[in-house]
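Note: the block below is work-v6.txt and it holds compact mmCIF, C-alpha atoms.
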# COMPACT_ATOMS: atom_id res chain seq x y z
CA MET A 381 202.12 -43.97 39.84
CA THR A 382 202.50 -43.71 36.11
CA LYS A 383 199.27 -44.26 34.25
CA MET A 384 199.73 -47.15 31.77
CA VAL A 385 197.78 -47.92 28.60
CA ARG A 386 197.57 -51.28 26.83
CA LYS A 387 199.15 -51.31 23.38
CA ALA A 388 199.28 -55.07 22.74
CA ASN A 389 197.13 -57.89 24.10
CA ALA A 390 198.45 -61.20 25.39
CA PHE A 391 197.83 -63.02 22.11
CA GLU A 392 199.71 -60.38 20.12
CA ILE A 393 202.66 -60.67 22.49
CA LEU A 394 202.68 -64.48 22.32
CA ASN A 395 202.34 -64.47 18.53
CA HIS A 396 205.20 -62.01 18.23
CA TRP A 397 207.44 -64.23 20.36
CA VAL A 398 206.59 -67.20 18.13
CA SER A 399 207.79 -65.08 15.19
CA VAL A 400 210.93 -63.98 17.03
CA ILE A 401 212.05 -67.46 18.04
CA SER A 402 211.09 -69.17 14.80
CA PHE A 403 212.69 -66.43 12.68
CA PHE A 404 215.92 -66.75 14.63
CA ILE A 405 216.06 -70.55 14.20
CA LEU A 406 215.10 -70.27 10.53
CA ALA A 407 217.67 -67.56 9.80
CA VAL A 408 220.49 -69.44 11.52
CA SER A 409 219.73 -72.73 9.77
CA GLY A 410 219.08 -70.83 6.54
CA PHE A 411 222.57 -69.35 6.71
CA GLY A 412 223.78 -72.89 7.39
CA PHE A 413 222.22 -74.14 4.14
CA LEU A 414 223.42 -71.11 2.15
CA PHE A 415 227.02 -71.26 3.26
CA HIS A 416 227.42 -74.92 4.28
CA LEU A 417 228.09 -74.00 7.91
CA GLU A 418 229.01 -77.41 9.29
CA GLN A 419 229.77 -75.76 12.64
CA LEU A 420 225.99 -75.74 13.16
CA ASN A 421 226.07 -79.54 13.41
CA SER A 422 226.94 -79.03 17.08
CA ILE A 423 223.46 -77.49 17.49
CA PHE A 424 221.31 -79.42 15.02
CA GLY A 425 223.17 -82.73 14.80
CA ASP A 426 223.51 -82.97 11.04
CA PHE A 427 222.08 -81.35 7.92
CA ASN A 428 219.30 -83.91 7.66
CA ARG A 429 218.04 -82.93 11.10
CA MET A 430 218.61 -79.26 10.39
CA LYS A 431 216.33 -79.63 7.37
CA VAL A 432 213.58 -81.18 9.52
CA VAL A 433 213.95 -78.41 12.13
CA HIS A 434 213.99 -75.72 9.41
CA ASN A 435 210.85 -77.07 7.73
CA TRP A 436 208.75 -77.49 10.87
CA THR A 437 209.92 -74.21 12.41
CA GLY A 438 208.85 -72.69 9.11
CA VAL A 439 205.33 -73.96 9.78
CA ALA A 440 205.28 -72.16 13.16
CA PHE A 441 206.57 -68.99 11.50
CA ALA A 442 203.97 -69.25 8.72
CA VAL A 443 201.16 -69.58 11.27
CA SER A 444 202.39 -66.49 13.14
CA VAL A 445 202.46 -64.58 9.85
CA LEU A 446 198.93 -65.75 9.13
CA PHE A 447 197.75 -64.20 12.43
CA LYS A 448 199.63 -61.01 11.60
CA ILE A 449 197.59 -60.66 8.42
CA PHE A 450 194.42 -60.38 10.51
CA MET A 451 196.05 -58.32 13.27
CA TYR A 452 197.86 -55.69 11.24
CA LEU A 453 196.89 -55.70 7.57
CA PRO A 454 193.68 -53.60 7.72
CA GLU A 455 195.29 -50.99 9.98
CA SER A 456 198.46 -50.90 7.89
CA LEU A 457 196.56 -50.34 4.66
CA SER A 458 194.67 -47.31 6.05
CA LEU A 459 197.23 -44.65 5.22
CA SER A 460 196.56 -40.94 5.75
CA ALA A 461 198.25 -37.61 5.04
CA ASP A 462 199.88 -37.83 8.46
CA ASP A 463 201.57 -41.08 7.42
CA LEU A 464 202.93 -39.39 4.31
CA GLY A 465 204.14 -36.51 6.49
CA TRP A 466 205.86 -38.99 8.79
CA PHE A 467 207.77 -40.49 5.87
CA ILE A 468 208.73 -37.04 4.52
CA LYS A 469 210.26 -36.25 7.91
CA GLY A 470 212.02 -39.63 7.90
CA GLY A 471 210.10 -40.57 11.03
CA GLY A 472 212.02 -37.88 12.88
CA TYR A 473 215.01 -40.16 13.06
CA PHE A 474 217.36 -37.98 11.05
CA SER A 475 217.24 -34.83 13.09
CA ARG A 476 217.44 -34.29 16.81
CA ASN A 477 214.58 -31.81 16.88
CA ALA A 478 212.24 -33.03 14.15
CA VAL A 479 208.53 -32.94 14.81
CA VAL A 480 206.46 -35.60 13.05
CA PRO A 481 202.69 -35.52 12.42
CA PRO A 482 200.53 -37.23 15.08
CA GLN A 483 200.32 -41.02 14.64
CA GLY A 484 197.77 -43.75 15.32
CA ARG A 485 198.35 -47.00 17.24
CA LEU A 486 200.88 -47.93 14.56
CA ASN A 487 203.03 -45.14 13.19
CA ALA A 488 203.69 -44.93 9.46
CA GLY A 489 206.97 -46.81 9.74
CA GLN A 490 205.36 -49.58 11.75
CA LYS A 491 202.59 -49.81 9.13
CA LEU A 492 205.20 -50.14 6.41
CA PHE A 493 207.03 -52.83 8.37
CA ALA A 494 203.79 -54.71 9.07
CA LEU A 495 202.98 -54.67 5.33
CA PHE A 496 206.48 -55.86 4.59
CA VAL A 497 206.28 -58.71 7.09
CA VAL A 498 202.87 -59.81 5.84
CA PHE A 499 204.01 -59.89 2.20
CA ALA A 500 207.58 -61.09 2.57
CA GLY A 501 206.51 -63.51 5.32
CA SER A 502 203.78 -64.97 3.12
CA ALA A 503 206.16 -65.19 0.17
CA ILE A 504 208.90 -66.95 2.12
CA SER A 505 206.38 -69.32 3.76
CA ALA A 506 204.61 -70.22 0.51
CA SER A 507 207.83 -70.73 -1.43
CA GLY A 508 209.27 -72.79 1.42
CA LEU A 509 206.23 -75.04 1.38
CA VAL A 510 206.58 -75.53 -2.38
CA ILE A 511 210.27 -76.50 -2.05
CA TRP A 512 209.32 -78.88 0.76
CA LEU A 513 206.20 -80.47 -0.72
CA MET A 514 206.78 -80.32 -4.48
CA PRO A 515 210.40 -81.51 -4.73
CA GLY A 516 211.65 -82.25 -8.21
CA VAL A 517 209.02 -80.17 -10.03
CA ARG A 518 211.72 -78.13 -11.75
CA LYS A 519 209.82 -75.01 -12.84
CA TRP A 520 208.11 -74.53 -9.48
CA ILE A 521 211.26 -75.23 -7.51
CA LEU A 522 213.28 -72.69 -9.49
CA ILE A 523 210.68 -69.94 -8.94
CA SER A 524 210.27 -70.83 -5.27
CA HIS A 525 214.00 -71.01 -4.69
CA LEU A 526 214.31 -67.48 -6.10
CA VAL A 527 211.34 -66.11 -4.12
CA HIS A 528 212.54 -67.81 -0.91
CA ASN A 529 216.01 -66.27 -1.20
CA ILE A 530 214.86 -62.78 -2.25
CA SER A 531 212.45 -62.59 0.68
CA PHE A 532 215.14 -63.93 3.01
CA ASP A 533 217.57 -61.23 1.90
CA LEU A 534 214.95 -58.52 2.42
CA MET A 535 214.08 -59.89 5.87
CA ILE A 536 217.66 -60.26 7.00
CA ILE A 537 218.07 -56.54 6.23
CA ALA A 538 214.72 -55.34 7.60
CA VAL A 539 214.60 -57.38 10.82
CA PRO A 540 217.83 -55.99 12.39
CA LEU A 541 216.54 -52.46 11.65
CA HIS A 542 213.19 -53.41 13.24
CA ILE A 543 214.99 -54.76 16.32
CA TYR A 544 217.11 -51.60 16.58
CA LEU A 545 214.08 -49.33 16.25
CA ALA A 546 212.16 -51.30 18.88
CA THR A 547 214.99 -51.33 21.41
CA LEU A 548 217.98 -48.97 21.40
CA ALA A 549 216.51 -46.34 19.08
CA ASN A 550 213.28 -45.95 21.02
CA PRO A 551 213.70 -46.53 24.74
CA GLY A 552 210.49 -47.68 26.35
CA THR A 553 209.28 -49.65 23.34
CA PHE A 554 210.65 -53.09 24.20
CA ARG A 555 208.43 -53.43 27.29
CA ILE A 556 205.45 -53.85 24.94
CA MET A 557 206.85 -57.27 24.03
CA ILE A 558 206.73 -58.26 27.70
CA TYR A 559 203.92 -56.36 29.39
CA GLY A 560 201.97 -55.04 26.41
CA THR A 561 201.57 -51.70 28.15
CA VAL A 562 203.21 -48.27 27.83
CA PRO A 563 203.05 -45.12 29.98
CA LEU A 564 200.24 -42.81 28.91
CA GLU A 565 202.62 -39.85 28.60
CA TRP A 566 204.90 -41.89 26.33
CA ALA A 567 201.92 -42.89 24.17
CA LYS A 568 200.67 -39.30 23.93
CA LYS A 569 203.95 -38.16 22.40
CA ARG A 570 204.31 -41.05 19.96
CA HIS A 571 200.77 -42.16 19.17
CA ALA A 572 198.72 -39.00 19.72
CA LYS A 573 195.82 -39.99 17.46
CA TRP A 574 195.50 -43.38 19.12
CA VAL A 575 195.48 -41.89 22.63
CA GLN A 576 192.92 -39.31 21.52
CA LYS A 577 190.73 -42.03 20.04
CA MET A 578 190.82 -43.91 23.34
CA GLY A 579 189.48 -40.77 25.03
CA TYR A 580 192.40 -39.65 27.21
CA MET B 392 245.88 -84.98 -11.27
CA ASN B 393 244.60 -84.48 -14.84
CA ARG B 394 240.90 -84.12 -15.23
CA LYS B 395 239.45 -87.37 -16.51
CA GLY B 396 236.55 -87.73 -18.87
CA LEU B 397 234.63 -89.81 -21.34
CA LEU B 398 234.55 -89.40 -25.11
CA ILE B 399 231.25 -90.57 -26.57
CA SER B 400 231.21 -91.37 -30.29
CA PRO B 401 227.64 -92.19 -31.39
CA GLU B 402 228.92 -93.21 -34.82
CA LEU B 403 230.81 -96.07 -33.22
CA CYS B 404 227.96 -97.19 -30.96
CA ILE B 405 226.13 -100.34 -32.03
CA GLY B 406 223.41 -99.99 -29.38
CA CYS B 407 224.29 -103.18 -27.52
CA ARG B 408 223.72 -101.52 -24.13
CA GLY B 409 226.53 -103.46 -22.55
CA CYS B 410 227.36 -100.20 -20.79
CA GLN B 411 223.96 -100.16 -19.11
CA THR B 412 224.42 -103.69 -17.85
CA ALA B 413 228.04 -103.22 -16.76
CA CYS B 414 227.04 -100.09 -14.87
CA LYS B 415 224.27 -101.92 -13.04
CA SER B 416 226.63 -104.77 -12.31
CA TRP B 417 229.42 -102.62 -10.85
CA ASN B 418 227.11 -100.29 -8.94
CA ARG B 419 224.86 -103.15 -7.78
CA LEU B 420 221.75 -101.57 -9.22
CA PRO B 421 218.65 -103.77 -9.57
CA ALA B 422 216.97 -104.40 -12.90
CA THR B 423 213.58 -102.84 -13.52
CA ARG B 424 210.63 -104.35 -15.33
CA THR B 425 209.78 -102.13 -18.30
CA VAL B 426 207.11 -102.04 -20.99
CA ASN B 427 207.66 -102.46 -24.72
CA LYS B 428 206.92 -99.12 -26.30
CA GLY B 429 207.67 -100.16 -29.85
CA THR B 430 211.32 -99.11 -29.74
CA THR B 431 214.51 -100.96 -28.92
CA GLU B 432 215.35 -98.15 -26.47
CA ASN B 433 214.92 -99.50 -22.98
CA PRO B 434 214.34 -98.32 -20.28
CA PRO B 435 212.79 -95.10 -21.57
CA ASP B 436 214.63 -92.78 -19.16
CA LEU B 437 217.27 -92.63 -16.45
CA THR B 438 216.05 -94.00 -13.11
CA PRO B 439 217.56 -94.21 -9.62
CA SER B 440 218.89 -97.61 -10.63
CA LEU B 441 219.92 -96.66 -14.16
CA TYR B 442 222.89 -94.29 -14.19
CA ASN B 443 223.51 -94.40 -17.90
CA LYS B 444 221.41 -95.39 -20.88
CA ILE B 445 221.59 -95.38 -24.63
CA ARG B 446 219.12 -93.03 -26.26
CA TYR B 447 217.91 -94.41 -29.59
CA VAL B 448 217.20 -91.62 -32.02
CA GLU B 449 215.35 -92.88 -35.09
CA MET B 450 215.75 -90.39 -37.93
CA PRO B 451 213.60 -91.12 -40.99
CA LEU B 452 215.56 -90.52 -44.20
CA ALA B 453 214.27 -90.19 -47.79
CA SER B 454 214.80 -93.92 -48.03
CA GLY B 455 215.25 -95.91 -44.89
CA LEU B 456 216.20 -94.83 -41.41
CA ARG B 457 219.19 -93.39 -39.57
CA TRP B 458 219.77 -94.76 -36.11
CA LEU B 459 221.68 -92.66 -33.64
CA PHE B 460 222.79 -94.12 -30.32
CA VAL B 461 223.66 -91.58 -27.67
CA SER B 462 224.96 -92.38 -24.18
CA GLN B 463 222.94 -90.34 -21.72
CA ARG B 464 224.20 -89.75 -18.16
CA CYS B 465 225.65 -87.20 -15.74
CA MET B 466 227.98 -84.89 -17.68
CA HIS B 467 230.30 -84.12 -14.75
CA CYS B 468 230.16 -80.41 -15.63
CA GLY B 469 233.20 -78.27 -14.82
CA ASP B 470 230.72 -75.75 -13.38
CA ALA B 471 228.06 -78.06 -11.94
CA GLY B 472 224.61 -76.58 -11.27
CA CYS B 473 223.75 -79.41 -8.88
CA MET B 474 226.77 -78.71 -6.69
CA LYS B 475 226.09 -74.98 -6.82
CA ILE B 476 222.52 -75.22 -5.55
CA CYS B 477 222.99 -78.14 -3.10
CA PRO B 478 222.50 -76.95 0.51
CA ALA B 479 224.11 -80.00 2.16
CA PRO B 480 227.92 -79.96 2.35
CA GLY B 481 229.47 -83.18 1.12
CA ALA B 482 226.29 -84.54 -0.48
CA LEU B 483 227.70 -83.74 -3.92
CA PHE B 484 231.44 -83.40 -4.28
CA ARG B 485 234.17 -83.19 -6.87
CA THR B 486 236.64 -86.05 -6.92
CA LYS B 487 240.30 -85.38 -7.69
CA GLU B 488 239.69 -86.84 -11.15
CA GLY B 489 237.05 -84.14 -11.77
CA ALA B 490 233.97 -86.36 -11.43
CA VAL B 491 230.85 -85.12 -9.64
CA ALA B 492 230.23 -87.83 -7.05
CA PHE B 493 227.70 -88.08 -4.23
CA ASN B 494 227.39 -89.28 -0.64
CA LYS B 495 223.90 -90.56 0.14
CA GLU B 496 224.45 -90.16 3.89
CA LYS B 497 224.98 -86.40 3.50
CA CYS B 498 222.11 -85.96 1.03
CA ILE B 499 219.09 -84.33 2.71
CA GLY B 500 216.66 -85.27 -0.07
CA CYS B 501 215.62 -81.70 -0.93
CA LYS B 502 215.95 -82.35 -4.69
CA LEU B 503 217.21 -78.84 -5.43
CA CYS B 504 219.89 -80.47 -7.62
CA VAL B 505 217.11 -81.61 -9.96
CA ALA B 506 216.30 -77.93 -10.51
CA GLY B 507 219.96 -76.90 -10.82
CA CYS B 508 220.99 -79.56 -13.36
CA PRO B 509 221.04 -78.39 -17.01
CA PHE B 510 220.70 -81.98 -18.26
CA ASN B 511 217.88 -83.40 -16.12
CA VAL B 512 220.11 -86.09 -14.66
CA PRO B 513 219.70 -86.45 -10.86
CA ARG B 514 217.25 -89.13 -9.75
CA TYR B 515 216.15 -90.07 -6.22
CA ASP B 516 216.00 -93.55 -4.77
CA GLU B 517 213.26 -94.97 -2.53
CA ASN B 518 214.91 -93.32 0.51
CA ASP B 519 214.83 -89.91 -1.20
CA LYS B 520 218.60 -89.86 -1.71
CA ILE B 521 220.39 -88.74 -4.85
CA SER B 522 221.31 -91.40 -7.37
CA LYS B 523 223.26 -90.77 -10.56
CA CYS B 524 226.40 -91.60 -12.55
CA HIS B 525 229.52 -90.80 -10.53
CA LEU B 526 231.97 -91.81 -13.28
CA CYS B 527 232.65 -94.97 -11.24
CA SER B 528 234.60 -92.75 -8.86
CA ASP B 529 235.57 -95.83 -6.82
CA ARG B 530 237.06 -97.48 -9.92
CA ILE B 531 238.84 -94.48 -11.40
CA ALA B 532 240.39 -93.66 -8.01
CA GLU B 533 242.19 -97.01 -8.41
CA GLY B 534 243.26 -96.26 -11.97
CA LEU B 535 240.57 -98.42 -13.59
CA SER B 536 238.19 -97.17 -16.26
CA PRO B 537 234.49 -96.74 -15.50
CA ALA B 538 232.45 -99.92 -15.99
CA CYS B 539 230.66 -98.57 -19.08
CA ALA B 540 233.90 -97.66 -20.87
CA LYS B 541 235.55 -100.89 -19.79
CA VAL B 542 232.83 -103.04 -21.33
CA CYS B 543 232.14 -101.01 -24.49
CA PRO B 544 233.15 -103.30 -27.41
CA THR B 545 233.59 -100.58 -30.06
CA GLY B 546 235.20 -97.72 -28.13
CA ALA B 547 232.06 -95.61 -28.43
CA ILE B 548 232.53 -94.82 -24.72
CA PHE B 549 236.20 -94.05 -24.25
CA TYR B 550 237.77 -93.07 -20.92
CA GLY B 551 240.96 -91.07 -20.47
CA ASP B 552 242.59 -87.75 -19.62
CA ARG B 553 240.17 -85.10 -20.77
CA VAL B 554 242.81 -83.25 -22.82
CA SER B 555 243.85 -86.40 -24.65
CA LEU B 556 240.21 -87.10 -25.56
CA THR B 557 240.08 -83.89 -27.59
CA GLY B 558 243.17 -84.96 -29.54
CA LYS B 559 241.75 -88.40 -30.11
CA ALA B 560 238.53 -86.95 -31.52
CA GLN B 561 240.46 -84.56 -33.75
CA ASN B 562 242.43 -87.45 -35.19
CA ALA B 563 239.12 -89.13 -35.91
CA GLY B 564 238.08 -86.03 -37.89
CA TYR B 565 235.91 -84.14 -35.40
CA LYS B 566 236.90 -80.46 -35.29
CA LYS B 567 234.58 -79.51 -32.46
CA LEU B 568 233.29 -81.61 -29.62
CA TYR B 569 230.05 -81.15 -27.74
CA GLY B 570 230.88 -80.13 -24.18
CA GLU B 571 234.35 -78.77 -24.89
CA SER B 572 233.66 -75.35 -23.38
CA ASP B 573 230.06 -75.27 -22.10
CA LEU B 574 229.75 -75.09 -18.31
CA GLU B 575 233.53 -74.78 -17.96
CA GLY B 576 233.85 -77.94 -19.98
CA LEU B 577 231.85 -81.11 -19.55
CA GLY B 578 233.48 -84.25 -18.23
CA VAL B 579 231.64 -86.16 -20.94
CA LEU B 580 232.55 -85.08 -24.47
CA TYR B 581 230.52 -85.98 -27.54
CA ALA B 582 231.81 -86.40 -31.10
CA PHE B 583 228.74 -85.40 -33.10
CA LYS B 584 228.53 -85.36 -36.90
CA ASP B 585 225.46 -83.12 -36.87
CA ALA B 586 223.96 -80.44 -34.67
CA PRO B 587 223.58 -81.58 -31.03
CA GLU B 588 219.79 -81.21 -31.31
CA VAL B 589 219.74 -84.05 -33.85
CA TYR B 590 221.07 -86.32 -31.11
CA GLY B 591 218.51 -85.05 -28.63
CA MET B 592 220.97 -82.78 -26.80
CA ASP B 593 220.57 -79.18 -25.71
CA GLY B 594 222.61 -76.98 -28.07
CA LYS B 595 223.30 -74.40 -25.37
CA PRO B 596 223.30 -76.11 -21.98
CA ALA B 597 223.40 -73.67 -19.06
CA ILE B 598 222.68 -73.50 -15.35
CA PRO B 599 219.25 -71.82 -14.90
CA GLU B 600 219.65 -68.03 -14.83
CA SER B 601 217.83 -67.75 -11.51
CA VAL B 602 220.35 -70.10 -9.90
CA VAL B 603 223.28 -68.07 -11.28
CA PHE B 604 221.65 -64.84 -10.02
CA TRP B 605 221.09 -66.43 -6.62
CA HIS B 606 224.69 -67.58 -6.44
CA LYS B 607 226.24 -64.28 -7.58
CA VAL B 608 223.89 -61.74 -5.99
CA LEU B 609 221.45 -63.14 -3.44
CA LYS B 610 223.96 -65.24 -1.50
CA PRO B 611 226.47 -62.41 -0.86
CA LEU B 612 223.57 -60.04 -0.19
CA ALA B 613 222.52 -62.25 2.73
CA TYR B 614 225.63 -61.48 4.77
CA TRP B 615 226.33 -58.01 3.39
CA GLY B 616 222.69 -57.11 4.07
CA LEU B 617 222.76 -58.44 7.62
CA GLY B 618 226.10 -56.76 8.34
CA GLY B 619 224.99 -53.54 6.67
CA ALA B 620 221.74 -53.35 8.62
CA VAL B 621 223.52 -53.89 11.94
CA ALA B 622 226.24 -51.38 11.02
CA ALA B 623 223.67 -48.79 9.90
CA SER B 624 221.78 -49.20 13.19
CA LEU B 625 224.93 -48.70 15.26
CA LEU B 626 225.97 -45.75 13.11
CA HIS B 627 222.57 -44.16 13.63
CA TYR B 628 222.82 -44.73 17.37
CA VAL B 629 226.15 -42.95 17.68
CA THR B 630 225.30 -40.11 15.29
CA PHE B 631 221.62 -39.14 15.59
CA GLY B 632 221.13 -41.11 18.77
CA PRO B 633 218.00 -42.64 20.24
CA ASN B 634 214.61 -40.98 20.29
CA LYS B 635 214.36 -40.33 24.01
CA ASP B 636 211.48 -37.94 23.69
CA GLY B 637 208.90 -39.20 26.17
CA GLY B 638 210.90 -42.29 27.03
CA ASP B 639 210.27 -43.35 30.62
CA GLU B 640 213.77 -44.68 31.16
CA GLY B 641 215.61 -42.16 29.00
CA GLY B 642 214.91 -39.37 31.45
CA GLU B 643 216.43 -36.59 29.35
CA GLN B 644 213.63 -34.32 28.22
CA LYS B 645 214.63 -31.96 25.47
Rewrite the coordinates I just gave you, this time as structure tokens.
Amino acid sequence: MTKMVRKANAFEILNHWVSVISFFILAVSGFGFLFHLEQLNSIFGDFNRMKVVHNWTGVAFAVSVLFKIFMYLPESLSLSADDLGWFIKGGGYFSRNAVVPPQGRLNAGQKLFALFVVFAGSAISASGLVIWLMPGVRKWILISHLVHNISFDLMIIAVPLHIYLATLANPGTFRIMIYGTVPLEWAKKRHAKWVQKMGY
Amino acid sequence: MNRKGLLISPELCIGCRGCQTACKSWNRLPATRTVNKGTTENPPDLTPSLYNKIRYVEMPLASGLRWLFVSQRCMHCGDAGCMKICPAPGALFRTKEGAVAFNKEKCIGCKLCVAGCPFNVPRYDENDKISKCHLCSDRIAEGLSPACAKVCPTGAIFYGDRVSLTGKAQNAGYKKLYGESDLEGLGVLYAFKDAPEVYGMDGKPAIPESVVFWHKVLKPLAYWGLGGAVAASLLHYVTFGPNKDGGDEGGEQK
């Protein structure tokens, strides 16, 4: 039997699914608001209801981002020479036989994405709350509207790449979202420093 | 249909505020109790139940006083910031006469239009729905003039084809009108004798730069970015391919 090691605990998995589902609902309704997609009325009813769904789903997303700050921020900020080396090699994604420096529990790219999610997620949540709760305060609304849309654009670019990297690009990664575990041999090749630290 | 508009001539206005009353009457807007602030101007600002009002500008002169009466309302901009930023389809719409009208049932009460408007016009009623001058879109659709223009005793508020309004003002000796070209032309033109600022108007009205940037750059980037990221992922998959090294279901060990 393949020896498995735990990479994510149950709470991490649950929190990630909250992000996944809320982000999807928020992005779809967000596109609806941006481009007046009245076809979405068949899902949400009308734009008044879509606004209510968008706002409250945003609260769920914001809470999941808040947990991410505690779960990933310290680890993501501890960058080493190996992380720099990983970036120089482009994560090994642009050559079939690239060798990247050994990585911790999160590789350099995952650290970068975690930082991105924490900052862009906080920005989009905070600006969304301002638009929701301070309507009509012109100066604040204009800034928040800009921040909300810039962070949305960045996320709508980064999230598909994140999904690709966690599924098709790296077979064996997606199971973490379900079971939280990975084969030890798989972990040794991709997260050598983490495996070493655990004492295998 | 020709774009319709109003020509406002402060020099003709006698400050009777018949327009305010006629507007309330036609649009069934309730009166509001106000406080005397030592000026004849009343109420002090537009409200959800006051679509148009006369601003009283009191200009002290060397001897005496100059009174300027300026009709203040939605300008029915050719390029309307409120319509641009509004996320709810049909909440704000352009009538065939060129007026910017609204549908309270479609309004979602987000108040983004307040931020998008260069003239600080949109107000919200007690149900958080937009409320503003709609150029009596129900009247003009039937060929009638808006209530304010209909009742104005001096022609200070004059309704007609927008192009003919320019000619009318020129005949009256005004070379340039306020609102002729700003924001793709305002639906409300002003015949000012002095600089617009004297009348309490913004000399260079514009949609906030951030809203223009959002409209021109951030909106298209949302779908180009999404499409680009998906395309780049697929391209990577078929060129460099997945990282199967150590994958338990990939099987191919290099």
Excluding same-chain residues fewer than 5 positions from range 430-440 of chain A, what lies within 12 Å of it counting only C-alpha atoms, as a ChimeraX atom specification? /A:395-413,416-425,445-447,501-513,528 /B:478-479,497-501
Using all atoms listed in the file, which residue out of B:Gln463, B:Ser555, B:Ser601, B:Thr425 lies closest to Cys524 in chain B?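 Looking only at the distances to Cys524 in chain B, the closest residue turns out to be B:Gln463.
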To one decimal in Å, tell me the separation between CA of Pro439 in chain B and CA of Arg394 in chain B.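 So the answer is 26.0 Å.
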What are the residues of chain A that have an atom within 7 Å of an atom of chain B, counting only C-alpha atoms, as a VMD selection string? chain A and resid 413 to 414 416 427 to 428 474 to 476 515 to 516 518 521 to 522 526 529 to 530 533 536 to 537 540 to 541 544 548 to 552 565 to 566 569
Residue neighbourhood Met578 in chain A, 12 Å, only C-alpha atoms, exclusion window fewer than 6 positions, as a list in words: Val385, Arg386, Lys387, Gly484, Arg485, Leu564, Ala567, Lys568, His571 and Ala572 of chain A
Please compute the CA of Ser462 in chain B-CA of Arg408 in chain B distance, one decimal, in Å. 9.2 Å
Taking all atoms listed in the file into account, which of A:Val497, A:Phe467, A:Ala546, A:Lys491 comes nearest Phe441 in chain A?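 With all atoms listed in the file as the atom set, the closest residue is A:Val497.
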In Å, how far is it from CA of Val498 in chain A to CA of Ile449 in chain A?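 For CA of Val498 in chain A relative to CA of Ile449 in chain A, the distance reads 5.9 Å.
Proximity of A:Met514, A:Tyr580, A:Val527, A:Leu492 to His542 in chain A, computed with only C-alpha atoms, is greatest for A:Leu492.
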Which one is closest to Lys395 in chain B: B:Gly564, B:Gly534, B:Pro434, B:Gly578? Count all atoms listed in the file.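 Nearest to Lys395 in chain B: B:Gly578.
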Extract, using only C-alpha atoms, all DNA, RNA and protein residues at most 9 Å from Cys414 in chain B, discarding same-chain residues fewer than 4 positions from it, and format them as a PDB file with C-alpha atoms, in the frame of the given file.
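What ended up in part_39.pdb:
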ATOM      1  CA  GLY B 409     226.530-103.460 -22.550  1.00  0.00           C
ATOM      2  CA  CYS B 410     227.360-100.200 -20.790  1.00  0.00           C
ATOM      3  CA  ASN B 418     227.110-100.290  -8.940  1.00  0.00           C
ATOM      4  CA  ARG B 419     224.860-103.150  -7.780  1.00  0.00           C
ATOM      5  CA  LEU B 420     221.750-101.570  -9.220  1.00  0.00           C
ATOM      6  CA  LEU B 441     219.920 -96.660 -14.160  1.00  0.00           C
ATOM      7  CA  TYR B 442     222.890 -94.290 -14.190  1.00  0.00           C
ATOM      8  CA  ASN B 443     223.510 -94.400 -17.900  1.00  0.00           C
ATOM      9  CA  CYS B 524     226.400 -91.600 -12.550  1.00  0.00           C
ATOM     10  CA  CYS B 527     232.650 -94.970 -11.240  1.00  0.00           C
ATOM     11  CA  PRO B 537     234.490 -96.740 -15.500  1.00  0.00           C
ATOM     12  CA  ALA B 538     232.450 -99.920 -15.990  1.00  0.00           C
ATOM     13  CA  CYS B 539     230.660 -98.570 -19.080  1.00  0.00           C
TER      14      CYS B 539
END
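Between Tyr550 in chain B and the candidates B:Leu452, B:Ala563, B:Ile399, B:Cys465, the tightest atom-to-atom separation, counting all atoms listed in the file, involves B:Ile399.
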Nearest to Phe450 in chain A, restricted to all atoms listed in the file and choosing among A:Met384, A:Ala494, A:Ala390, A:Ile523, comes out as A:Ala494
Could you list as JSON, numbers by chain every residue that has an atom within 10 Å of (224.5, -102.8, -32.7), using the file's coordinates and counting only C-alpha atoms? {"B": [403, 404, 405, 406, 407, 408, 458, 460, 545]}
